[in-house]
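Structure data (TSV, N, CA and C atoms) from protein11.tsv:
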```
chain	number	residue	atom	x	y	z
A	1	MET	N	15.03	-68.95	-5.85
A	1	MET	CA	15.93	-67.89	-6.18
A	1	MET	C	15.17	-66.71	-6.73
A	2	SER	N	15.83	-65.61	-6.76
A	2	SER	CA	15.16	-64.40	-7.24
A	2	SER	C	15.44	-64.18	-8.72
A	3	ASN	N	14.58	-63.45	-9.30
A	3	ASN	CA	14.67	-63.16	-10.73
A	3	ASN	C	15.65	-62.00	-10.94
A	4	PRO	N	16.71	-62.17	-11.76
A	4	PRO	CA	17.67	-61.09	-11.94
A	4	PRO	C	17.08	-59.88	-12.67
A	5	LYS	N	16.03	-60.06	-13.46
A	5	LYS	CA	15.42	-58.93	-14.15
A	5	LYS	C	14.71	-57.99	-13.17
A	6	PHE	N	14.27	-58.53	-12.04
A	6	PHE	CA	13.59	-57.72	-11.04
A	6	PHE	C	14.51	-56.62	-10.50
A	7	PHE	N	15.77	-56.97	-10.25
A	7	PHE	CA	16.72	-55.98	-9.72
A	7	PHE	C	17.10	-54.96	-10.78
A	8	CYS	N	17.10	-55.34	-12.01
A	8	CYS	CA	17.45	-54.40	-13.08
A	8	CYS	C	16.37	-53.35	-13.25
A	9	ASN	N	15.12	-53.70	-13.11
A	9	ASN	CA	14.02	-52.75	-13.29
A	9	ASN	C	13.88	-51.82	-12.10
A	10	ARG	N	14.44	-52.19	-10.99
A	10	ARG	CA	14.32	-51.39	-9.79
A	10	ARG	C	15.04	-50.05	-9.93
A	11	SER	N	16.10	-49.97	-10.66
A	11	SER	CA	16.83	-48.71	-10.82
A	11	SER	C	15.97	-47.68	-11.56
A	12	GLY	N	15.16	-48.11	-12.49
A	12	GLY	CA	14.24	-47.21	-13.17
A	12	GLY	C	13.16	-46.73	-12.23
A	13	MET	N	12.72	-47.60	-11.33
A	13	MET	CA	11.71	-47.22	-10.35
A	13	MET	C	12.23	-46.15	-9.39
A	14	VAL	N	13.49	-46.27	-9.00
A	14	VAL	CA	14.10	-45.27	-8.12
A	14	VAL	C	14.13	-43.92	-8.82
A	15	MET	N	14.47	-43.93	-10.10
A	15	MET	CA	14.52	-42.67	-10.85
A	15	MET	C	13.13	-42.04	-10.94
A	16	VAL	N	12.11	-42.83	-11.15
A	16	VAL	CA	10.73	-42.32	-11.21
A	16	VAL	C	10.34	-41.73	-9.86
A	17	MET	N	10.69	-42.39	-8.78
A	17	MET	CA	10.38	-41.89	-7.43
A	17	MET	C	11.09	-40.58	-7.14
A	18	VAL	N	12.35	-40.48	-7.56
A	18	VAL	CA	13.10	-39.24	-7.35
A	18	VAL	C	12.46	-38.10	-8.13
A	19	ILE	N	12.06	-38.35	-9.35
A	19	ILE	CA	11.41	-37.31	-10.16
A	19	ILE	C	10.09	-36.89	-9.54
A	20	MET	N	9.31	-37.86	-9.06
A	20	MET	CA	8.02	-37.53	-8.43
A	20	MET	C	8.22	-36.72	-7.15
A	21	LEU	N	9.17	-37.11	-6.32
A	21	LEU	CA	9.45	-36.36	-5.10
A	21	LEU	C	9.95	-34.95	-5.41
A	22	THR	N	10.77	-34.82	-6.44
A	22	THR	CA	11.26	-33.49	-6.84
A	22	THR	C	10.10	-32.60	-7.27
A	23	LEU	N	9.18	-33.14	-8.02
A	23	LEU	CA	8.01	-32.36	-8.44
A	23	LEU	C	7.14	-31.97	-7.26
A	24	VAL	N	6.92	-32.89	-6.34
A	24	VAL	CA	6.11	-32.59	-5.15
A	24	VAL	C	6.78	-31.49	-4.33
A	25	PHE	N	8.07	-31.60	-4.10
A	25	PHE	CA	8.78	-30.57	-3.33
A	25	PHE	C	8.78	-29.23	-4.05
A	26	ALA	N	8.88	-29.24	-5.37
A	26	ALA	CA	8.85	-27.99	-6.13
A	26	ALA	C	7.49	-27.32	-5.99
A	27	ILE	N	6.41	-28.09	-6.04
A	27	ILE	CA	5.07	-27.53	-5.87
A	27	ILE	C	4.90	-26.95	-4.47
A	28	ILE	N	5.38	-27.67	-3.48
A	28	ILE	CA	5.29	-27.16	-2.10
A	28	ILE	C	6.09	-25.88	-1.94
A	29	MET	N	7.28	-25.81	-2.50
A	29	MET	CA	8.11	-24.61	-2.38
A	29	MET	C	7.48	-23.42	-3.10
A	30	ILE	N	6.87	-23.65	-4.26
A	30	ILE	CA	6.19	-22.57	-4.97
A	30	ILE	C	5.01	-22.06	-4.15
A	31	GLY	N	4.29	-22.94	-3.50
A	31	GLY	CA	3.19	-22.52	-2.64
A	31	GLY	C	3.67	-21.67	-1.47
A	32	ILE	N	4.74	-22.10	-0.82
A	32	ILE	CA	5.29	-21.34	0.31
A	32	ILE	C	5.80	-19.99	-0.15
A	33	LEU	N	6.48	-19.95	-1.28
A	33	LEU	CA	7.01	-18.71	-1.80
A	33	LEU	C	5.90	-17.73	-2.16
A	34	SER	N	4.84	-18.21	-2.80
A	34	SER	CA	3.74	-17.31	-3.16
A	34	SER	C	3.03	-16.79	-1.92
A	35	LEU	N	2.91	-17.60	-0.90
A	35	LEU	CA	2.31	-17.15	0.35
A	35	LEU	C	3.14	-16.05	1.00
A	36	ASN	N	4.45	-16.22	1.01
A	36	ASN	CA	5.32	-15.19	1.59
A	36	ASN	C	5.29	-13.91	0.79
A	37	VAL	N	5.26	-13.99	-0.53
A	37	VAL	CA	5.18	-12.78	-1.36
A	37	VAL	C	3.88	-12.05	-1.10
A	38	GLY	N	2.79	-12.78	-0.96
A	38	GLY	CA	1.50	-12.16	-0.64
A	38	GLY	C	1.53	-11.43	0.69
A	39	ARG	N	2.17	-12.03	1.67
A	39	ARG	CA	2.27	-11.39	2.99
A	39	ARG	C	3.13	-10.13	2.94
A	40	VAL	N	4.19	-10.16	2.17
A	40	VAL	CA	5.05	-8.98	2.04
A	40	VAL	C	4.28	-7.85	1.36
A	41	LYS	N	3.52	-8.16	0.32
A	41	LYS	CA	2.74	-7.13	-0.36
A	41	LYS	C	1.68	-6.54	0.56
A	42	THR	N	1.02	-7.37	1.33
A	42	THR	CA	0.01	-6.88	2.28
A	42	THR	C	0.65	-6.00	3.34
A	43	GLY	N	1.79	-6.42	3.85
A	43	GLY	CA	2.50	-5.61	4.85
A	43	GLY	C	2.93	-4.27	4.29
A	44	GLN	N	3.45	-4.25	3.07
A	44	GLN	CA	3.87	-3.00	2.45
A	44	GLN	C	2.67	-2.08	2.21
A	45	SER	N	1.54	-2.65	1.85
A	45	SER	CA	0.33	-1.85	1.65
A	45	SER	C	-0.11	-1.19	2.96
A	46	LEU	N	-0.01	-1.92	4.07
A	46	LEU	CA	-0.35	-1.34	5.37
A	46	LEU	C	0.61	-0.23	5.75
A	47	VAL	N	1.89	-0.43	5.49
A	47	VAL	CA	2.88	0.61	5.79
A	47	VAL	C	2.61	1.86	4.97
A	48	ASP	N	2.28	1.70	3.69
A	48	ASP	CA	1.97	2.85	2.83
A	48	ASP	C	0.71	3.57	3.30
A	49	SER	N	-0.28	2.82	3.77
A	49	SER	CA	-1.50	3.45	4.29
A	49	SER	C	-1.21	4.29	5.53
A	50	ILE	N	-0.35	3.79	6.40
A	50	ILE	CA	0.01	4.54	7.60
A	50	ILE	C	0.78	5.80	7.23
A	51	LYS	N	1.69	5.70	6.26
A	51	LYS	CA	2.44	6.88	5.81
A	51	LYS	C	1.51	7.91	5.20
A	52	ALA	N	0.53	7.47	4.39
A	52	ALA	CA	-0.42	8.40	3.78
A	52	ALA	C	-1.26	9.09	4.84
A	53	GLU	N	-1.66	8.35	5.86
A	53	GLU	CA	-2.44	8.95	6.95
A	53	GLU	C	-1.62	10.00	7.69
A	54	GLN	N	-0.35	9.72	7.94
A	54	GLN	CA	0.49	10.69	8.62
A	54	GLN	C	0.74	11.93	7.77
A	55	LEU	N	0.89	11.75	6.45
A	55	LEU	CA	1.03	12.91	5.57
A	55	LEU	C	-0.22	13.76	5.59
A	56	ALA	N	-1.39	13.13	5.55
A	56	ALA	CA	-2.65	13.88	5.60
A	56	ALA	C	-2.79	14.64	6.92
A	57	THR	N	-2.36	14.02	8.01
A	57	THR	CA	-2.40	14.69	9.30
A	57	THR	C	-1.47	15.89	9.31
A	58	GLY	N	-0.28	15.75	8.72
A	58	GLY	CA	0.65	16.88	8.63
A	58	GLY	C	0.10	18.01	7.80
A	59	VAL	N	-0.58	17.71	6.70
A	59	VAL	CA	-1.20	18.76	5.88
A	59	VAL	C	-2.29	19.45	6.66
A	60	MET	N	-3.06	18.70	7.44
A	60	MET	CA	-4.11	19.31	8.25
A	60	MET	C	-3.52	20.27	9.28
A	61	TYR	N	-2.42	19.88	9.92
A	61	TYR	CA	-1.82	20.77	10.91
A	61	TYR	C	-1.21	22.01	10.26
A	62	ARG	N	-0.62	21.84	9.05
A	62	ARG	CA	-0.12	23.01	8.33
A	62	ARG	C	-1.25	23.95	7.97
A	63	GLN	N	-2.38	23.39	7.56
A	63	GLN	CA	-3.54	24.20	7.21
A	63	GLN	C	-4.05	24.97	8.42
A	64	MET	N	-4.10	24.30	9.57
A	64	MET	CA	-4.54	24.98	10.79
A	64	MET	C	-3.58	26.10	11.17
A	65	GLN	N	-2.28	25.86	11.02
A	65	GLN	CA	-1.29	26.89	11.34
A	65	GLN	C	-1.43	28.08	10.41
A	66	GLN	N	-1.66	27.83	9.12
A	66	GLN	CA	-1.81	28.92	8.17
A	66	GLN	C	-3.08	29.72	8.46
A	67	GLN	N	-4.13	29.07	8.92
A	67	GLN	CA	-5.35	29.80	9.27
A	67	GLN	C	-5.13	30.65	10.51
A	68	MET	N	-4.32	30.17	11.44
A	68	MET	CA	-4.01	30.99	12.62
A	68	MET	C	-3.17	32.19	12.23
A	69	ASP	N	-2.39	32.07	11.15
A	69	ASP	CA	-1.60	33.18	10.65
A	69	ASP	C	-2.40	34.05	9.69
A	70	GLN	N	-3.74	33.98	9.75
A	70	GLN	CA	-4.64	34.75	8.89
A	70	GLN	C	-4.44	34.42	7.42
A	71	CYS	N	-4.13	33.19	7.12
A	71	CYS	CA	-3.95	32.73	5.75
A	71	CYS	C	-4.77	31.47	5.59
A	72	GLN	N	-5.36	31.28	4.43
A	72	GLN	CA	-6.16	30.09	4.18
A	72	GLN	C	-5.43	29.18	3.23
A	73	LEU	N	-5.62	27.90	3.43
A	73	LEU	CA	-4.97	26.91	2.58
A	73	LEU	C	-5.51	26.99	1.16
A	74	CYS	N	-6.80	27.07	1.01
A	74	CYS	CA	-7.44	27.19	-0.30
A	74	CYS	C	-8.28	28.46	-0.29
A	75	PRO	N	-7.74	29.59	-0.75
A	75	PRO	CA	-8.47	30.85	-0.67
A	75	PRO	C	-9.80	30.83	-1.42
A	76	THR	N	-9.85	30.16	-2.55
A	76	THR	CA	-11.08	30.07	-3.32
A	76	THR	C	-11.61	28.65	-3.18
A	77	ALA	N	-12.91	28.55	-2.93
A	77	ALA	CA	-13.49	27.22	-2.75
A	77	ALA	C	-13.27	26.36	-3.98
A	78	GLY	N	-12.69	25.20	-3.79
A	78	GLY	CA	-12.45	24.28	-4.89
A	78	GLY	C	-11.17	24.53	-5.66
A	79	ASP	N	-10.49	25.68	-5.42
A	79	ASP	CA	-9.26	26.00	-6.15
A	79	ASP	C	-8.09	25.96	-5.18
A	80	CYS	N	-7.33	24.89	-5.23
A	80	CYS	CA	-6.19	24.74	-4.33
A	80	CYS	C	-4.89	24.69	-5.12
A	81	SER	N	-4.87	25.30	-6.29
A	81	SER	CA	-3.68	25.20	-7.13
A	81	SER	C	-2.50	25.97	-6.55
A	82	SER	N	-2.76	26.99	-5.75
A	82	SER	CA	-1.66	27.76	-5.16
A	82	SER	C	-1.36	27.35	-3.73
A	83	CYS	N	-1.83	26.21	-3.34
A	83	CYS	CA	-1.67	25.75	-1.96
A	83	CYS	C	-0.22	25.35	-1.71
A	84	PRO	N	0.43	25.92	-0.68
A	84	PRO	CA	1.83	25.56	-0.42
A	84	PRO	C	2.01	24.17	0.17
A	85	ALA	N	0.95	23.58	0.70
A	85	ALA	CA	1.09	22.28	1.35
A	85	ALA	C	0.86	21.13	0.38
A	86	LEU	N	0.56	21.43	-0.86
A	86	LEU	CA	0.27	20.37	-1.82
A	86	LEU	C	1.51	19.93	-2.55
A	87	GLY	N	1.36	18.90	-3.33
A	87	GLY	CA	2.47	18.41	-4.13
A	87	GLY	C	2.65	16.92	-3.94
A	88	ALA	N	3.85	16.49	-4.09
A	88	ALA	CA	4.15	15.07	-3.97
A	88	ALA	C	5.29	14.87	-2.99
A	89	GLU	N	5.14	13.91	-2.16
A	89	GLU	CA	6.19	13.50	-1.24
A	89	GLU	C	6.70	12.15	-1.73
A	90	SER	N	7.97	11.91	-1.56
A	90	SER	CA	8.54	10.62	-1.93
A	90	SER	C	9.22	10.03	-0.70
A	91	MET	N	8.72	8.88	-0.30
A	91	MET	CA	9.30	8.18	0.85
A	91	MET	C	9.54	6.73	0.46
A	92	ASP	N	10.74	6.26	0.65
A	92	ASP	CA	11.11	4.88	0.34
A	92	ASP	C	10.75	4.51	-1.10
A	93	ASN	N	11.10	5.40	-2.02
A	93	ASN	CA	10.86	5.21	-3.46
A	93	ASN	C	9.39	5.02	-3.80
A	94	ARG	N	8.50	5.58	-3.01
A	94	ARG	CA	7.06	5.52	-3.27
A	94	ARG	C	6.56	6.96	-3.30
A	95	ALA	N	5.84	7.33	-4.36
A	95	ALA	CA	5.34	8.70	-4.51
A	95	ALA	C	3.96	8.81	-3.85
A	96	PHE	N	3.79	9.85	-3.06
A	96	PHE	CA	2.52	10.15	-2.41
A	96	PHE	C	2.06	11.51	-2.93
A	97	ASP	N	0.91	11.54	-3.62
A	97	ASP	CA	0.36	12.78	-4.16
A	97	ASP	C	-0.67	13.33	-3.19
A	98	ILE	N	-0.50	14.60	-2.80
A	98	ILE	CA	-1.37	15.22	-1.81
A	98	ILE	C	-2.27	16.23	-2.53
A	99	SER	N	-3.56	16.15	-2.26
A	99	SER	CA	-4.49	17.13	-2.81
A	99	SER	C	-5.47	17.55	-1.72
A	100	VAL	N	-5.83	18.81	-1.75
A	100	VAL	CA	-6.78	19.37	-0.78
A	100	VAL	C	-7.86	20.09	-1.55
A	101	SER	N	-9.10	19.85	-1.17
A	101	SER	CA	-10.20	20.58	-1.80
A	101	SER	C	-11.05	21.21	-0.72
A	102	ASN	N	-11.42	22.46	-0.95
A	102	ASN	CA	-12.26	23.21	-0.02
A	102	ASN	C	-13.70	22.91	-0.37
A	103	LYS	N	-14.42	22.30	0.56
A	103	LYS	CA	-15.82	21.93	0.32
A	103	LYS	C	-16.78	23.05	0.69
A	104	GLY	N	-16.26	24.18	1.11
A	104	GLY	CA	-17.12	25.32	1.46
A	104	GLY	C	-17.60	25.25	2.89
A	105	ALA	N	-18.55	26.12	3.20
A	105	ALA	CA	-19.04	26.21	4.57
A	105	ALA	C	-19.85	24.98	4.94
A	106	SER	N	-19.74	24.60	6.18
A	106	SER	CA	-20.43	23.42	6.68
A	106	SER	C	-21.92	23.71	6.82
A	107	ALA	N	-22.73	22.70	6.54
A	107	ALA	CA	-24.18	22.84	6.72
A	107	ALA	C	-24.59	22.62	8.17
A	108	ASN	N	-23.69	22.12	8.98
A	108	ASN	CA	-23.98	21.85	10.38
A	108	ASN	C	-24.00	23.18	11.15
A	109	PRO	N	-25.12	23.54	11.80
A	109	PRO	CA	-25.18	24.82	12.51
A	109	PRO	C	-24.25	24.88	13.72
A	110	ASN	N	-23.84	23.73	14.25
A	110	ASN	CA	-22.96	23.71	15.41
A	110	ASN	C	-21.52	24.06	15.06
A	111	LEU	N	-21.17	24.07	13.75
A	111	LEU	CA	-19.80	24.35	13.33
A	111	LEU	C	-19.60	25.81	12.93
A	112	ASN	N	-20.61	26.66	13.10
A	112	ASN	CA	-20.50	28.11	12.86
A	112	ASN	C	-19.99	28.44	11.46
A	113	ASN	N	-20.52	27.78	10.44
A	113	ASN	CA	-20.18	28.05	9.05
A	113	ASN	C	-18.68	27.93	8.76
A	114	THR	N	-18.00	27.02	9.42
A	114	THR	CA	-16.58	26.82	9.13
A	114	THR	C	-16.43	26.04	7.82
A	115	ASN	N	-15.30	26.28	7.15
A	115	ASN	CA	-15.04	25.59	5.89
A	115	ASN	C	-14.63	24.14	6.15
A	116	GLN	N	-15.06	23.27	5.26
A	116	GLN	CA	-14.68	21.87	5.33
A	116	GLN	C	-13.64	21.61	4.24
A	117	TYR	N	-12.56	20.97	4.62
A	117	TYR	CA	-11.51	20.63	3.68
A	117	TYR	C	-11.42	19.11	3.56
A	118	GLU	N	-11.22	18.66	2.34
A	118	GLU	CA	-10.99	17.23	2.10
A	118	GLU	C	-9.54	17.05	1.70
A	119	ILE	N	-8.80	16.31	2.50
A	119	ILE	CA	-7.39	16.05	2.24
A	119	ILE	C	-7.27	14.63	1.72
A	120	LYS	N	-6.67	14.50	0.54
A	120	LYS	CA	-6.57	13.18	-0.09
A	120	LYS	C	-5.11	12.91	-0.42
A	121	VAL	N	-4.64	11.74	-0.04
A	121	VAL	CA	-3.26	11.32	-0.32
A	121	VAL	C	-3.34	10.04	-1.15
A	122	ASP	N	-2.84	10.11	-2.38
A	122	ASP	CA	-2.82	8.93	-3.27
A	122	ASP	C	-1.41	8.36	-3.31
A	123	PHE	N	-1.32	7.05	-3.34
A	123	PHE	CA	-0.02	6.39	-3.47
A	123	PHE	C	-0.13	5.20	-4.37
```
Can you present the structure in this file as structure tokens?
Amino acid sequence: MSNPKFFCNRSGMVMVMVIMLTLVFAIIMIGILSLNVGRVKTGQSLVDSIKAEQLATGVMYRQMQQQMDQCQLCPTAGDCSSCPALGAESMDNRAFDISVSNKGASANPNLNNTNQYEIKVDF
């Protein structure tokens, strides 16, 4: 015959197994969740980089248009405080700060002493 105490202790063993399985599943779920959050952050960073690049391209085209209109984006080398293309853009609740600096005439003889501009977009 079987020992009646053996069946009584088995209910405690089931509870221990349930607690262990719950902990294992919780650890697995936390791992999956952290992996997904990391992927979302990486994806958002790539989207912001693409937006910043497009903003910089737009500032460059505005600068070229103003030069064709006999106007310069930064009239004084290094001083772009009165630049109409500067400022901050806000897209999808993210602020993008645009700055342009005139690096002066190019040292490259093939560029005919054209001014070099550095366009920087921070986000």
- Hey, can you check how far CA of Leu55 in chain A sits from atom C of Lys41 in chain A?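 Calculated distance between CA of Leu55 in chain A and atom C of Lys41 in chain A is 20.1 Å.
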- Task: Could you tell me how far CA of Ile28 in chain A lies from CA of Met15 in chain A, in Å and to one decimal?
- Result: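 CA of Ile28 in chain A sits 20.1 Å away from CA of Met15 in chain A.
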- Query: Do you have the atom N of Ile98 in chain A-CA of Glu53 in chain A distance handy?
  - Reply: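 One can read the atom N of Ile98 in chain A to CA of Glu53 in chain A distance as 11.4 Å.
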- Pick the closest to Val47 in chain A from A:Phe123, A:Lys103, A:Leu23, A:Ser34: which is it, counting only C-alpha atoms?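 The answer is A:Phe123, which sits nearest to Val47 in chain A.
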- Name the closest residue to Ala95 in chain A among the candidates A:Val59, A:Ala52, A:Ile30, A:Ile119; distances are taken between atoms, counting only C-alpha atoms.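 Among the listed residues, A:Ala52 lies closest to Ala95 in chain A.
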